[in-house]
$ cat data18.tsv   # TSV, C-alpha atoms and all ligand atoms
chain	number	residue	atom	x	y	z
A	1	MET	CA	35.47	20.17	28.24
A	2	ASP	CA	36.77	21.89	31.31
A	3	PRO	CA	34.08	24.35	32.42
A	4	PHE	CA	36.86	26.46	33.92
A	5	ALA	CA	38.82	26.74	30.71
A	6	ASN	CA	37.93	30.38	30.29
A	7	VAL	CA	38.45	31.45	33.85
A	8	PRO	CA	41.95	32.63	34.60
A	9	SER	CA	43.15	30.93	37.74
A	10	SER	CA	45.39	33.87	38.46
A	11	VAL	CA	42.63	36.33	39.35
A	12	GLY	CA	43.94	38.58	42.07
A	13	ALA	CA	47.21	36.66	42.27
A	14	ALA	CA	49.41	39.72	41.67
A	15	GLU	CA	47.51	41.69	44.29
A	16	VAL	CA	47.79	38.80	46.71
A	17	ARG	CA	51.55	38.75	46.19
A	18	ALA	CA	51.76	42.49	46.80
A	19	LEU	CA	49.78	42.13	49.98
A	20	GLN	CA	51.90	39.24	51.19
A	21	GLY	CA	54.95	41.39	50.45
A	22	ALA	CA	53.54	44.17	52.63
A	23	LEU	CA	52.90	41.73	55.48
A	24	GLN	CA	56.42	40.31	55.18
A	25	GLY	CA	57.87	43.83	55.16
A	26	PHE	CA	55.98	44.51	58.37
A	27	LEU	CA	57.44	41.39	60.00
A	28	GLU	CA	60.94	42.39	58.97
A	29	ALA	CA	60.59	45.95	60.23
A	30	THR	CA	59.19	44.91	63.60
A	31	SER	CA	60.64	41.41	64.05
A	32	ALA	CA	57.16	40.35	65.13
A	33	HIS	CA	56.42	36.62	64.87
A	34	TRP	CA	53.19	36.46	63.03
A	35	VAL	CA	50.74	38.80	61.39
A	36	ALA	CA	47.25	38.12	60.05
A	37	LEU	CA	44.35	39.94	58.51
A	38	CYS	CA	40.91	38.69	59.39
A	39	ASP	CA	37.44	40.10	59.00
A	40	ARG	CA	35.21	40.97	61.90
A	41	ALA	CA	33.19	37.82	61.35
A	42	GLY	CA	36.37	35.91	62.24
A	43	ASN	CA	37.32	34.76	58.74
A	44	LEU	CA	41.05	34.53	58.10
A	45	LEU	CA	42.00	36.55	55.02
A	46	PHE	CA	45.83	36.43	54.91
A	47	HIS	CA	48.65	35.61	57.23
A	48	GLU	CA	52.44	35.57	57.21
A	49	GLY	CA	55.22	34.64	59.58
A	50	LYS	CA	56.27	31.82	61.81
A	51	ASP	CA	53.70	29.16	62.52
A	52	PRO	CA	52.02	30.59	65.61
A	53	GLY	CA	51.73	27.09	67.02
A	54	SER	CA	47.97	26.92	66.83
A	55	ASP	CA	45.35	26.64	64.13
A	56	VAL	CA	45.13	30.04	62.47
A	57	ALA	CA	41.39	29.75	61.82
A	58	ILE	CA	40.89	29.43	65.57
A	59	LEU	CA	43.20	32.35	66.32
A	60	CYS	CA	41.20	34.58	63.99
A	61	ALA	CA	37.85	33.48	65.41
A	62	LEU	CA	39.10	34.28	68.90
A	63	ALA	CA	40.73	37.58	67.91
A	64	ALA	CA	37.55	38.78	66.20
A	65	GLY	CA	35.49	37.65	69.20
A	66	SER	CA	37.77	39.37	71.66
A	67	PHE	CA	37.79	42.56	69.63
A	68	ALA	CA	34.01	42.51	69.25
A	69	ALA	CA	33.51	41.97	72.99
A	70	SER	CA	35.78	44.86	74.03
A	71	ARG	CA	34.24	47.12	71.45
A	72	GLU	CA	30.77	46.37	72.73
A	73	LEU	CA	31.97	46.94	76.28
A	74	ALA	CA	33.34	50.34	75.27
A	75	ARG	CA	30.15	51.22	73.46
A	76	ARG	CA	27.99	50.37	76.45
A	77	LEU	CA	30.19	52.41	78.73
A	78	GLY	CA	29.74	55.29	76.35
A	79	THR	CA	33.29	55.55	75.08
A	80	ASN	CA	34.55	55.22	71.53
A	81	GLU	CA	35.55	52.00	69.96
A	82	PHE	CA	39.11	51.08	70.87
A	83	ALA	CA	40.96	51.20	67.57
A	84	GLU	CA	43.65	49.05	69.08
A	85	GLN	CA	44.08	46.49	71.81
A	86	VAL	CA	47.18	44.92	73.28
A	87	HIS	CA	47.03	41.71	75.26
A	88	GLU	CA	50.05	40.94	77.37
A	89	GLY	CA	51.12	37.37	77.93
A	90	GLU	CA	54.18	36.21	79.77
A	91	GLY	CA	56.38	35.67	76.75
A	92	LEU	CA	54.20	37.11	74.03
A	93	ARG	CA	52.03	40.08	73.27
A	94	ILE	CA	49.15	40.28	70.88
A	95	LEU	CA	48.11	43.47	69.18
A	96	LEU	CA	44.70	43.83	67.55
A	97	HIS	CA	44.38	46.81	65.28
A	98	SER	CA	41.20	47.78	63.47
A	99	LEU	CA	41.91	48.53	59.80
A	100	ASP	CA	38.46	49.67	58.83
A	101	THR	CA	34.98	48.71	59.91
A	102	GLU	CA	35.41	45.22	58.50
A	103	THR	CA	39.00	44.17	58.84
A	104	LEU	CA	41.26	43.43	61.74
A	105	LEU	CA	45.04	43.18	61.88
A	106	VAL	CA	46.40	40.64	64.37
A	107	VAL	CA	50.07	40.72	65.39
A	108	VAL	CA	51.88	38.28	67.67
A	109	PHE	CA	55.23	39.54	68.97
A	110	GLN	CA	57.75	39.04	71.75
A	111	HIS	CA	58.44	41.23	74.72
A	112	SER	CA	61.83	42.08	73.25
A	113	THR	CA	60.02	43.95	70.46
A	114	SER	CA	58.86	47.40	71.47
A	115	ILE	CA	55.11	47.99	71.46
A	116	GLY	CA	55.66	51.48	70.09
A	117	LEU	CA	57.44	50.09	67.07
A	118	VAL	CA	54.73	47.53	66.39
A	119	ARG	CA	52.06	50.19	66.78
A	120	TYR	CA	53.79	52.53	64.41
A	121	TYR	CA	54.26	49.94	61.69
A	122	ALA	CA	50.78	48.50	62.25
A	123	ALA	CA	49.24	51.88	61.53
A	124	LYS	CA	51.43	52.24	58.47
A	125	LEU	CA	50.56	48.74	57.28
A	126	ALA	CA	46.88	49.43	57.83
A	127	ASN	CA	47.05	52.37	55.42
A	128	GLU	CA	48.95	50.38	52.91
A	129	VAL	CA	46.77	47.27	52.74
A	130	THR	CA	43.19	48.49	53.15
A	131	GLY	CA	42.81	49.18	49.44
A	132	MET	CA	44.56	45.94	48.50
A	133	VAL	CA	42.23	43.80	50.59
A	134	GLU	CA	39.23	45.41	48.94
A	135	GLU	CA	40.71	45.05	45.48
A	136	ILE	CA	41.45	41.35	45.96
A	137	ALA	CA	37.97	40.76	47.32
A	138	ARG	CA	36.37	42.59	44.42
A	139	ALA	CA	38.42	40.84	41.74
A	140	GLY	CA	37.73	37.47	43.35
A	141	ALA	CA	33.99	38.11	43.56
A	142	ILE	CA	33.75	39.16	39.93
A	143	ALA	CA	35.64	36.08	38.75
A	144	PHE	CA	33.62	33.89	41.08
A	145	GLY	CA	30.39	35.29	39.66
A	146	GLN	CA	31.44	34.05	36.22
A	147	LEU	CA	32.06	30.48	37.31
A	148	PRO	CA	29.68	27.63	36.79
A	149	PRO	CA	28.09	26.61	40.09
A	150	ILE	CA	30.51	25.34	42.69
A	151	GLU	CA	29.22	22.02	43.99
A	152	LEU	CA	30.03	19.75	46.84
A	153	ASP	CA	30.73	16.25	45.61
A	154	PRO	CA	27.47	14.33	46.11
A	155	ALA	CA	29.34	11.05	46.10
A	156	ARG	CA	31.45	12.33	48.96
A	157	PRO	CA	29.25	13.75	51.66
A	158	LEU	CA	30.74	16.61	53.62
A	159	LEU	CA	31.53	14.23	56.39
A	160	SER	CA	32.92	10.89	55.50
B	161	MET	CA	29.56	37.45	54.56
B	162	ALA	CA	31.24	34.74	52.56
B	163	TYR	CA	34.87	35.41	51.95
B	164	ILE	CA	36.36	34.19	48.69
B	165	ASN	CA	40.06	34.01	48.14
B	166	TYR	CA	40.10	33.39	44.46
B	167	ALA	CA	43.87	33.22	44.13
B	168	GLN	CA	43.95	30.44	46.71
B	169	ARG	CA	40.65	28.99	45.49
B	170	GLU	CA	39.17	29.01	48.93
B	171	ILE	CA	35.70	30.07	50.10
B	172	GLN	CA	34.91	30.66	53.77
B	173	LEU	CA	31.36	30.44	55.01
B	174	LYS	CA	30.15	31.13	58.52
B	175	VAL	CA	27.41	28.94	59.99
B	176	VAL	CA	25.85	29.82	63.35
B	177	TYR	CA	23.99	27.30	65.51
B	178	TYR	CA	21.25	29.22	67.30
B	179	GLY	CA	18.63	28.15	69.85
B	180	CYS	CA	17.59	28.42	73.48
B	181	GLY	CA	19.83	27.51	76.39
B	182	PHE	CA	20.39	23.78	76.85
B	183	CYS	CA	18.84	22.79	73.51
B	184	GLY	CA	22.01	20.97	72.35
B	185	LYS	CA	24.00	23.39	70.16
B	186	THR	CA	27.34	22.63	71.77
B	187	THR	CA	26.50	18.91	71.67
B	188	ASN	CA	25.98	19.22	67.90
B	189	LEU	CA	29.47	20.63	67.43
B	190	GLN	CA	30.94	17.99	69.69
B	191	ALA	CA	29.26	15.26	67.66
B	192	ILE	CA	30.50	16.78	64.40
B	193	HIS	CA	33.98	17.05	65.79
B	194	HIS	CA	33.86	13.45	66.90
B	195	THR	CA	32.78	12.25	63.44
B	196	LEU	CA	35.15	14.18	61.20
B	197	ASP	CA	38.48	13.14	59.76
B	198	PRO	CA	41.37	14.82	61.56
B	199	GLN	CA	42.67	16.45	58.33
B	200	GLN	CA	39.29	17.99	57.71
B	201	LYS	CA	38.82	19.80	61.01
B	202	SER	CA	40.35	22.21	63.50
B	203	ASP	CA	40.15	21.74	67.24
B	204	LEU	CA	36.82	22.52	68.84
B	205	VAL	CA	37.21	25.63	70.96
B	206	SER	CA	34.63	26.29	73.65
B	207	LEU	CA	34.41	29.52	75.59
B	208	ALA	CA	32.25	28.22	78.39
B	209	THR	CA	31.49	28.71	82.07
B	210	SER	CA	32.75	26.19	84.58
B	211	GLY	CA	29.33	24.57	84.34
B	212	ASP	CA	29.76	23.84	80.61
B	213	ARG	CA	27.24	26.44	79.54
B	214	THR	CA	28.41	28.42	76.54
B	215	LEU	CA	29.60	31.85	77.62
B	216	PHE	CA	30.66	33.38	74.31
B	217	PHE	CA	30.78	30.78	71.55
B	218	ASP	CA	32.02	27.39	70.46
B	219	PHE	CA	34.02	27.32	67.26
B	220	MET	CA	35.39	24.81	64.84
B	221	SER	CA	36.49	25.05	61.27
B	222	LEU	CA	36.06	22.29	58.74
B	223	LYS	CA	37.02	22.11	55.12
B	224	THR	CA	35.91	20.13	52.16
B	225	PRO	CA	36.92	20.07	48.50
B	226	THR	CA	34.32	20.84	45.84
B	227	LEU	CA	33.84	19.20	42.47
B	228	ASN	CA	35.64	22.11	40.88
B	229	ASN	CA	38.88	22.38	42.79
B	230	PHE	CA	37.83	24.93	45.32
B	231	THR	CA	38.17	24.38	49.02
B	232	VAL	CA	35.21	25.38	51.12
B	233	ARG	CA	35.91	26.16	54.70
B	234	PHE	CA	32.85	26.10	56.95
B	235	GLN	CA	33.33	28.08	60.14
B	236	LEU	CA	30.89	26.67	62.68
B	237	TYR	CA	29.87	28.74	65.70
B	238	THR	CA	27.32	28.28	68.45
B	239	VAL	CA	25.77	31.12	70.39
B	240	PRO	CA	25.19	31.06	74.14
B	241	GLY	CA	21.50	30.27	74.48
B	242	GLN	CA	20.85	31.63	77.95
B	243	GLN	CA	18.72	34.73	77.90
B	244	ILE	CA	21.23	37.01	79.60
B	245	TYR	CA	23.71	36.64	76.75
B	246	MET	CA	21.63	38.60	74.26
B	247	SER	CA	24.38	41.02	73.24
B	248	THR	CA	26.88	38.20	72.84
B	249	ARG	CA	24.56	36.42	70.43
B	250	GLN	CA	24.43	39.52	68.31
B	251	LEU	CA	28.22	39.63	68.11
B	252	VAL	CA	28.52	35.98	67.14
B	253	LEU	CA	25.83	36.38	64.48
B	254	ARG	CA	27.85	39.05	62.76
B	255	GLY	CA	28.73	38.08	59.20
B	256	ALA	CA	26.79	34.79	59.38
B	257	ASP	CA	26.11	33.15	56.03
B	258	GLY	CA	23.82	30.42	57.31
B	259	ILE	CA	21.83	29.48	60.40
B	260	VAL	CA	21.02	26.17	62.04
B	261	PHE	CA	18.15	26.74	64.45
B	262	VAL	CA	18.15	24.02	67.09
B	263	VAL	CA	14.84	23.36	68.84
B	264	ASP	CA	14.61	21.51	72.15
B	265	SER	CA	11.78	19.01	71.59
B	266	GLY	CA	10.87	18.88	75.28
B	267	TRP	CA	7.28	20.11	75.78
B	268	ASP	CA	8.25	22.17	78.76
B	269	ARG	CA	10.84	24.03	76.65
B	270	MET	CA	8.40	25.48	74.12
B	271	PRO	CA	8.32	28.99	75.63
B	272	GLU	CA	12.14	29.14	75.54
B	273	ASN	CA	12.23	27.87	71.94
B	274	VAL	CA	9.70	30.45	70.83
B	275	GLU	CA	11.54	33.22	72.61
B	276	SER	CA	14.85	32.18	71.08
B	277	PHE	CA	13.29	32.10	67.62
B	278	GLN	CA	12.06	35.66	68.08
B	279	ASP	CA	15.41	36.69	69.45
B	280	LEU	CA	17.07	35.24	66.33
B	281	GLN	CA	14.83	37.27	64.06
B	282	GLU	CA	15.50	40.46	66.01
B	283	ASN	CA	19.23	39.91	65.97
B	284	LEU	CA	19.23	39.16	62.27
B	285	LEU	CA	17.37	42.39	61.75
B	286	ALA	CA	19.99	44.23	63.79
B	287	ASN	CA	22.53	42.85	61.29
B	288	ASN	CA	20.30	43.93	58.37
B	289	LEU	CA	19.32	40.36	57.61
B	290	SER	CA	16.17	38.28	57.77
B	291	LEU	CA	15.18	34.61	57.69
B	292	ALA	CA	13.92	35.16	54.15
B	293	GLN	CA	17.42	36.07	52.98
B	294	ILE	CA	19.71	33.84	54.93
B	295	PRO	CA	19.86	30.07	54.37
B	296	CYS	CA	18.44	28.29	57.40
B	297	VAL	CA	17.99	24.70	58.52
B	298	ILE	CA	15.92	23.65	61.51
B	299	GLN	CA	16.85	20.81	63.80
B	300	TYR	CA	14.37	19.24	66.24
B	301	ASN	CA	16.75	17.89	68.82
B	302	LYS	CA	16.20	15.67	71.86
B	303	ARG	CA	13.79	13.38	70.02
B	304	ASP	CA	14.66	10.74	72.61
B	305	LEU	CA	12.86	12.61	75.39
B	306	PRO	CA	9.71	10.79	76.53
B	307	GLU	CA	7.85	14.11	76.75
B	308	SER	CA	8.67	15.46	73.35
B	309	ALA	CA	6.43	17.60	71.18
B	310	ASN	CA	5.23	16.02	67.96
B	311	ILE	CA	6.79	17.05	64.69
B	312	GLU	CA	3.61	18.46	63.15
B	313	TYR	CA	3.31	20.84	66.05
B	314	LEU	CA	6.98	21.87	65.85
B	315	GLU	CA	6.80	22.40	62.10
B	316	TYR	CA	3.76	24.58	62.59
B	317	ALA	CA	5.47	26.61	65.30
B	318	PHE	CA	8.90	27.08	63.72
B	319	ASN	CA	8.68	26.32	60.03
B	320	ASN	CA	5.56	28.01	58.90
B	321	ARG	CA	6.91	30.43	56.32
B	322	ALA	CA	6.38	30.82	52.59
B	323	ILE	CA	9.55	28.87	51.90
B	324	ARG	CA	9.92	25.93	54.24
B	325	ALA	CA	13.37	25.37	55.68
B	326	PRO	CA	14.77	21.83	55.52
B	327	SER	CA	14.22	20.29	58.95
B	328	PHE	CA	15.68	17.27	60.71
B	329	GLU	CA	15.02	15.24	63.83
B	330	ALA	CA	18.05	14.65	66.01
B	331	VAL	CA	19.45	13.09	69.13
B	332	ALA	CA	22.68	15.03	69.22
B	333	PRO	CA	24.63	13.09	71.91
B	334	ARG	CA	24.25	9.94	69.78
B	335	GLY	CA	25.11	11.85	66.62
B	336	GLU	CA	21.68	11.10	65.13
B	337	GLY	CA	20.58	13.77	62.65
B	338	VAL	CA	23.67	15.89	63.30
B	339	ILE	CA	25.50	15.26	60.05
B	340	GLU	CA	22.28	15.42	58.03
B	341	THR	CA	21.67	18.88	59.47
B	342	LEU	CA	25.17	20.06	58.67
B	343	ASN	CA	25.13	18.67	55.15
B	344	ALA	CA	21.81	20.38	54.51
B	345	ILE	CA	23.05	23.83	55.51
B	346	ALA	CA	26.27	23.25	53.58
B	347	ARG	CA	24.34	22.44	50.40
B	348	LEU	CA	21.99	25.40	50.82
B	349	LEU	CA	24.98	27.69	51.15
B	350	MET	CA	26.73	26.26	48.12
B	351	VAL	CA	23.61	26.69	46.03
B	352	LYS	CA	23.17	30.25	47.19
B	353	TYR	CA	26.77	31.39	46.82
B	354	SER	CA	27.44	29.81	43.51
B	355	LYS	CA	24.37	31.42	42.00
B	356	THR	CA	24.28	34.87	43.49
B	357	SER	CA	25.52	37.76	41.46
B	358	GLN	CA	28.65	39.61	42.47
B	359	ALA	CA	26.52	42.18	44.20
B	360	GLY	CA	25.38	39.68	46.76
B	361	MET	CA	28.87	38.39	47.20
B	362	ALA	CA	30.86	41.42	48.27
B	363	PRO	CA	33.32	39.24	50.13
B	364	ALA	CA	34.51	40.16	53.56
B	365	ARG	CA	32.18	43.11	53.52
B	366	ALA	CA	29.17	42.59	55.72
B	367	GLN	CA	25.77	44.10	54.96
C	1	LIG	N1	18.35	13.53	76.12
C	1	LIG	C1	19.03	14.35	75.33
C	1	LIG	N2	19.90	15.24	75.87
C	1	LIG	C2	20.58	16.06	75.05
C	1	LIG	C3	20.39	16.03	73.65
C	1	LIG	N3	21.19	16.99	73.09
C	1	LIG	C4	21.84	17.56	74.12
C	1	LIG	N4	21.49	17.03	75.29
C	1	LIG	C5	21.97	17.38	76.65
C	1	LIG	O1	21.49	18.68	76.96
C	1	LIG	C6	22.45	19.38	77.76
C	1	LIG	C7	22.77	20.74	77.15
C	1	LIG	O2	23.42	20.56	75.91
C	1	LIG	P1	24.37	21.67	75.28
C	1	LIG	O3	24.80	21.16	73.96
C	1	LIG	O4	25.41	22.07	76.24
C	1	LIG	O5	23.32	22.85	75.11
C	1	LIG	P2	23.55	24.29	74.47
C	1	LIG	O6	22.46	24.49	73.51
C	1	LIG	O7	24.94	24.42	73.95
C	1	LIG	O8	23.34	25.24	75.74
C	1	LIG	P3	23.93	26.74	76.00
C	1	LIG	O9	25.39	26.66	75.78
C	1	LIG	O10	23.57	27.09	77.40
C	1	LIG	O11	23.23	27.62	75.02
C	1	LIG	C8	23.65	18.47	77.86
C	1	LIG	O12	23.60	17.79	79.09
C	1	LIG	C9	23.48	17.51	76.71
C	1	LIG	O13	24.07	16.26	76.95
C	1	LIG	C10	19.46	15.08	73.09
C	1	LIG	O14	19.24	14.98	71.89
C	1	LIG	N5	18.80	14.28	73.98
C	2	MG	MG	26.45	25.68	74.36
$ encode --input "data18.tsv" --output "structure tokens"
Amino acid sequence: MDPFANVPSSVGAAEVRALQGALQGFLEATSAHWVALCDRAGNLLFHEGKDPGSDVAILCALAAGSFAASRELARRLGTNEFAEQVHEGEGLRILLHSLDTETLLVVVFQHSTSIGLVRYYAAKLANEVTGMVEEIARAGAIAFGQLPPIELDPARPLLS
Amino acid sequence: MAYINYAQREIQLKVVYYGCGFCGKTTNLQAIHHTLDPQQKSDLVSLATSGDRTLFFDFMSLKTPTLNNFTVRFQLYTVPGQQIYMSTRQLVLRGADGIVFVVDSGWDRMPENVESFQDLQENLLANNLSLAQIPCVIQYNKRDLPESANIEYLEYAFNNRAIRAPSFEAVAPRGEGVIETLNAIARLLMVKYSKTSQAGMAPARAQ
């Protein structure tokens, strides 16, 4: 018998779709390339948009690291945490926006897109999705807690 | 903290390689990267000084399927071991689910190992964690050194707690003991996260 028979596989799926919709709406409104939510530990939560041309797990690890470093710098200099950071590249800009104490919004956009516009919609998006992220996490954790143990395949070591 | 995306059936777990400067943390990640299937791994990213010492962290992500149709993504990080990077280590440790403590077996490196071990415990505490709570594996690296400390001594110095951590001997540049260490922390994490109650799971919410 399938041990998962009683566990709906759709836990959080509707909320995930709503959140993806919000991220897509943000991309449309700003014509930014790519948007992601990650936590401050560097875990990727959700992302939407054009393939940013690099592994998204790496982008999130670096974004969280960069944000953490500037925040610590600010703290040591006795100023407040920067709620937002913009990095300017030649063709691209990156905006890091802190949603709450745990979550970070990462936006990649072109110079042709105005920073003001991205900032405005990023703040709006932040309001919109904070609750959703928490709800998805909570629903997932509850469902996960009801599962039989998740096991790595002993016949297939992690590294083959 | 572990992040579970139930809808996508993915679990992300953060593993931090900790230890004194020059003990072989970066070499561990390089050896893992070398061994893995391309589909299973990301690039290895190293934020290092021009002299190859870790400045901020090394990072790679690897994924593996479970018996029950989940994907587990292990996010591997190293800290910079040199003493001056204390505050950086604290940042990298944030949200860690598991620790690999790498010990340099060289006799002359014992003071640095001990100091790094204390530093780990202080930094865990700063993140409201302790070695009693967080899964940990110990690796005695550089077993090829002619002047290496014996295992009994190392176990006494670094693995002398109520619950012994799994420990492994390694020669990281040759890949010896590297995969064993990684598999051990992976298993410990799976056991912990598939048995903890929801309370302990609060995904994407540290502390
Ligand atoms: N003989 C020997 N050398 C090793 C071993 N593991 C690592 N090394 C060497 O030790 C040196 C330092 O290794 P790294 O992996 O860069 O050390 P690290 O712990 O990342 O150092 P930091 O980034 O400064 O914290 C390199 O020259 C490695 O080749 C080992 O098992 N035996
Ligand atoms: Mg290093």
$ residues_around --input "data18.tsv" --residues "Tyr121 (chain A)" --least-positions-apart "4" --cutoff "12 Å" --atoms "all atoms listed in the file" --output "CSV table (one decimal) with C-alpha atoms, in the coordinates of the input"
chain,number,residue,atom,x,y,z
A,22,ALA,CA,53.5,44.2,52.6
A,23,LEU,CA,52.9,41.7,55.5
A,24,GLN,CA,56.4,40.3,55.2
A,25,GLY,CA,57.9,43.8,55.2
A,26,PHE,CA,56.0,44.5,58.4
A,27,LEU,CA,57.4,41.4,60.0
A,28,GLU,CA,60.9,42.4,59.0
A,29,ALA,CA,60.6,46.0,60.2
A,30,THR,CA,59.2,44.9,63.6
A,31,SER,CA,60.6,41.4,64.0
A,32,ALA,CA,57.2,40.4,65.1
A,35,VAL,CA,50.7,38.8,61.4
A,95,LEU,CA,48.1,43.5,69.2
A,97,HIS,CA,44.4,46.8,65.3
A,105,LEU,CA,45.0,43.2,61.9
A,107,VAL,CA,50.1,40.7,65.4
A,114,SER,CA,58.9,47.4,71.5
A,115,ILE,CA,55.1,48.0,71.5
A,116,GLY,CA,55.7,51.5,70.1
A,117,LEU,CA,57.4,50.1,67.1
A,125,LEU,CA,50.6,48.7,57.3
A,126,ALA,CA,46.9,49.4,57.8
A,127,ASN,CA,47.0,52.4,55.4
A,128,GLU,CA,49.0,50.4,52.9
A,129,VAL,CA,46.8,47.3,52.7
$ residues_near_ligand --input "data18.tsv" --ligand "ligand LIG 1 (chain C)" --cutoff "7 Å" --atoms "all atoms listed in the file" --output "number ranges by chain"
B: 179-188, 212-215, 239-242, 301-305, 330-333
$ atom_distance --input "data18.tsv" --atom1 "CA of Pro225 (chain B)" --atom2 "CA of Val106 (chain A)"
27.7 Å
$ interface_residues --input "data18.tsv" --of "chain A" --to "chain B" --cutoff "6 Å" --atoms "all atoms listed in the file" --output "PyMOL selection string"
chain A and resi 10-13+41+137+140-142+145+149-153
$ write_last_selection --input "data18.tsv" --atoms "C-alpha atoms" --output "short mmCIF file (atom, residue, chain, number, x, y, z; two decimals), keeping the file's coordinate frame"
data_model
loop_
_atom_site.label_atom_id
_atom_site.label_comp_id
_atom_site.auth_asym_id
_atom_site.auth_seq_id
_atom_site.Cartn_x
_atom_site.Cartn_y
_atom_site.Cartn_z
CA SER A 10 45.39 33.87 38.46
CA VAL A 11 42.63 36.33 39.35
CA GLY A 12 43.94 38.58 42.07
CA ALA A 13 47.21 36.66 42.27
CA ALA A 41 33.19 37.82 61.35
CA ALA A 137 37.97 40.76 47.32
CA GLY A 140 37.73 37.47 43.35
CA ALA A 141 33.99 38.11 43.56
CA ILE A 142 33.75 39.16 39.93
CA GLY A 145 30.39 35.29 39.66
CA PRO A 149 28.09 26.61 40.09
CA ILE A 150 30.51 25.34 42.69
CA GLU A 151 29.22 22.02 43.99
CA LEU A 152 30.03 19.75 46.84
CA ASP A 153 30.73 16.25 45.61
#
$ residues_around --input "data18.tsv" --residues "Glu15 (chain A)" --least-positions-apart "2" --cutoff "8 Å" --atoms "all atoms listed in the file" --output "tab-separated table (two decimals) with C-alpha atoms, in the coordinates of the input"
chain	number	residue	atom	x	y	z
A	12	GLY	CA	43.94	38.58	42.07
A	13	ALA	CA	47.21	36.66	42.27
A	17	ARG	CA	51.55	38.75	46.19
A	18	ALA	CA	51.76	42.49	46.80
A	19	LEU	CA	49.78	42.13	49.98
A	132	MET	CA	44.56	45.94	48.50
A	135	GLU	CA	40.71	45.05	45.48
A	136	ILE	CA	41.45	41.35	45.96
$ closest_residue --input "data18.tsv" --among "B:Val176, B:Ala309, B:Ala208, B:Val260" --to "ligand MG 2 (chain C)" --atoms "all atoms listed in the file"
B:Ala208
$ residues_around --input "data18.tsv" --residues "Thr103 (chain A)" --least-positions-apart "2" --cutoff "7 Å" --atoms "only C-alpha atoms" --output "number ranges by chain"
A: 37-40, 98-101, 105
$ atom_distance --input "data18.tsv" --atom1 "CA of Gly49 (chain A)" --atom2 "CA of His33 (chain A)"
5.8 Å
$ atom_distance --input "data18.tsv" --atom1 "CA of Ala61 (chain A)" --atom2 "CA of Gly42 (chain A)"
4.3 Å
$ closest_residue --input "data18.tsv" --among "B:Met246, B:Ile323, B:Ile298, B:Ala191" --to "Asn283 (chain B)" --atoms "all atoms listed in the file"
B:Met246
$ closest_residue --input "data18.tsv" --among "B:His193, B:Gln243, B:Glu170, B:Thr238" --to "ligand MG 2 (chain C)" --atoms "all atoms listed in the file"
B:Thr238
$ residues_around --input "data18.tsv" --residues "Gly91 (chain A)" --least-positions-apart "4" --cutoff "12 Å" --atoms "only C-alpha atoms" --output "PyMOL selection string"
chain A and resi 33+87+108-113
$ axis_aligned_box --input "data18.tsv" --around "region 205-213 of chain B" --padding-each-side "3 Å" --output "JSON"
{"center_x": 32.2, "center_y": 26.7, "center_z": 77.8, "size_x": 16.0, "size_y": 11.7, "size_z": 19.6}
$ closest_residue --input "data18.tsv" --among "A:Ala143, A:Arg119, A:Leu62, A:Leu104" --to "Val86 (chain A)" --atoms "all atoms listed in the file"
A:Arg119
$ closest_residue --input "data18.tsv" --among "B:Ile259, B:Ile244, B:Ala317, B:Ile311" --to "Asn273 (chain B)" --atoms "all atoms listed in the file"
B:Ala317
$ closest_residue --input "data18.tsv" --among "B:Val262, B:Leu349, B:Ala325, B:Leu314" --to "ligand MG 2 (chain C)" --atoms "all atoms listed in the file"
B:Val262
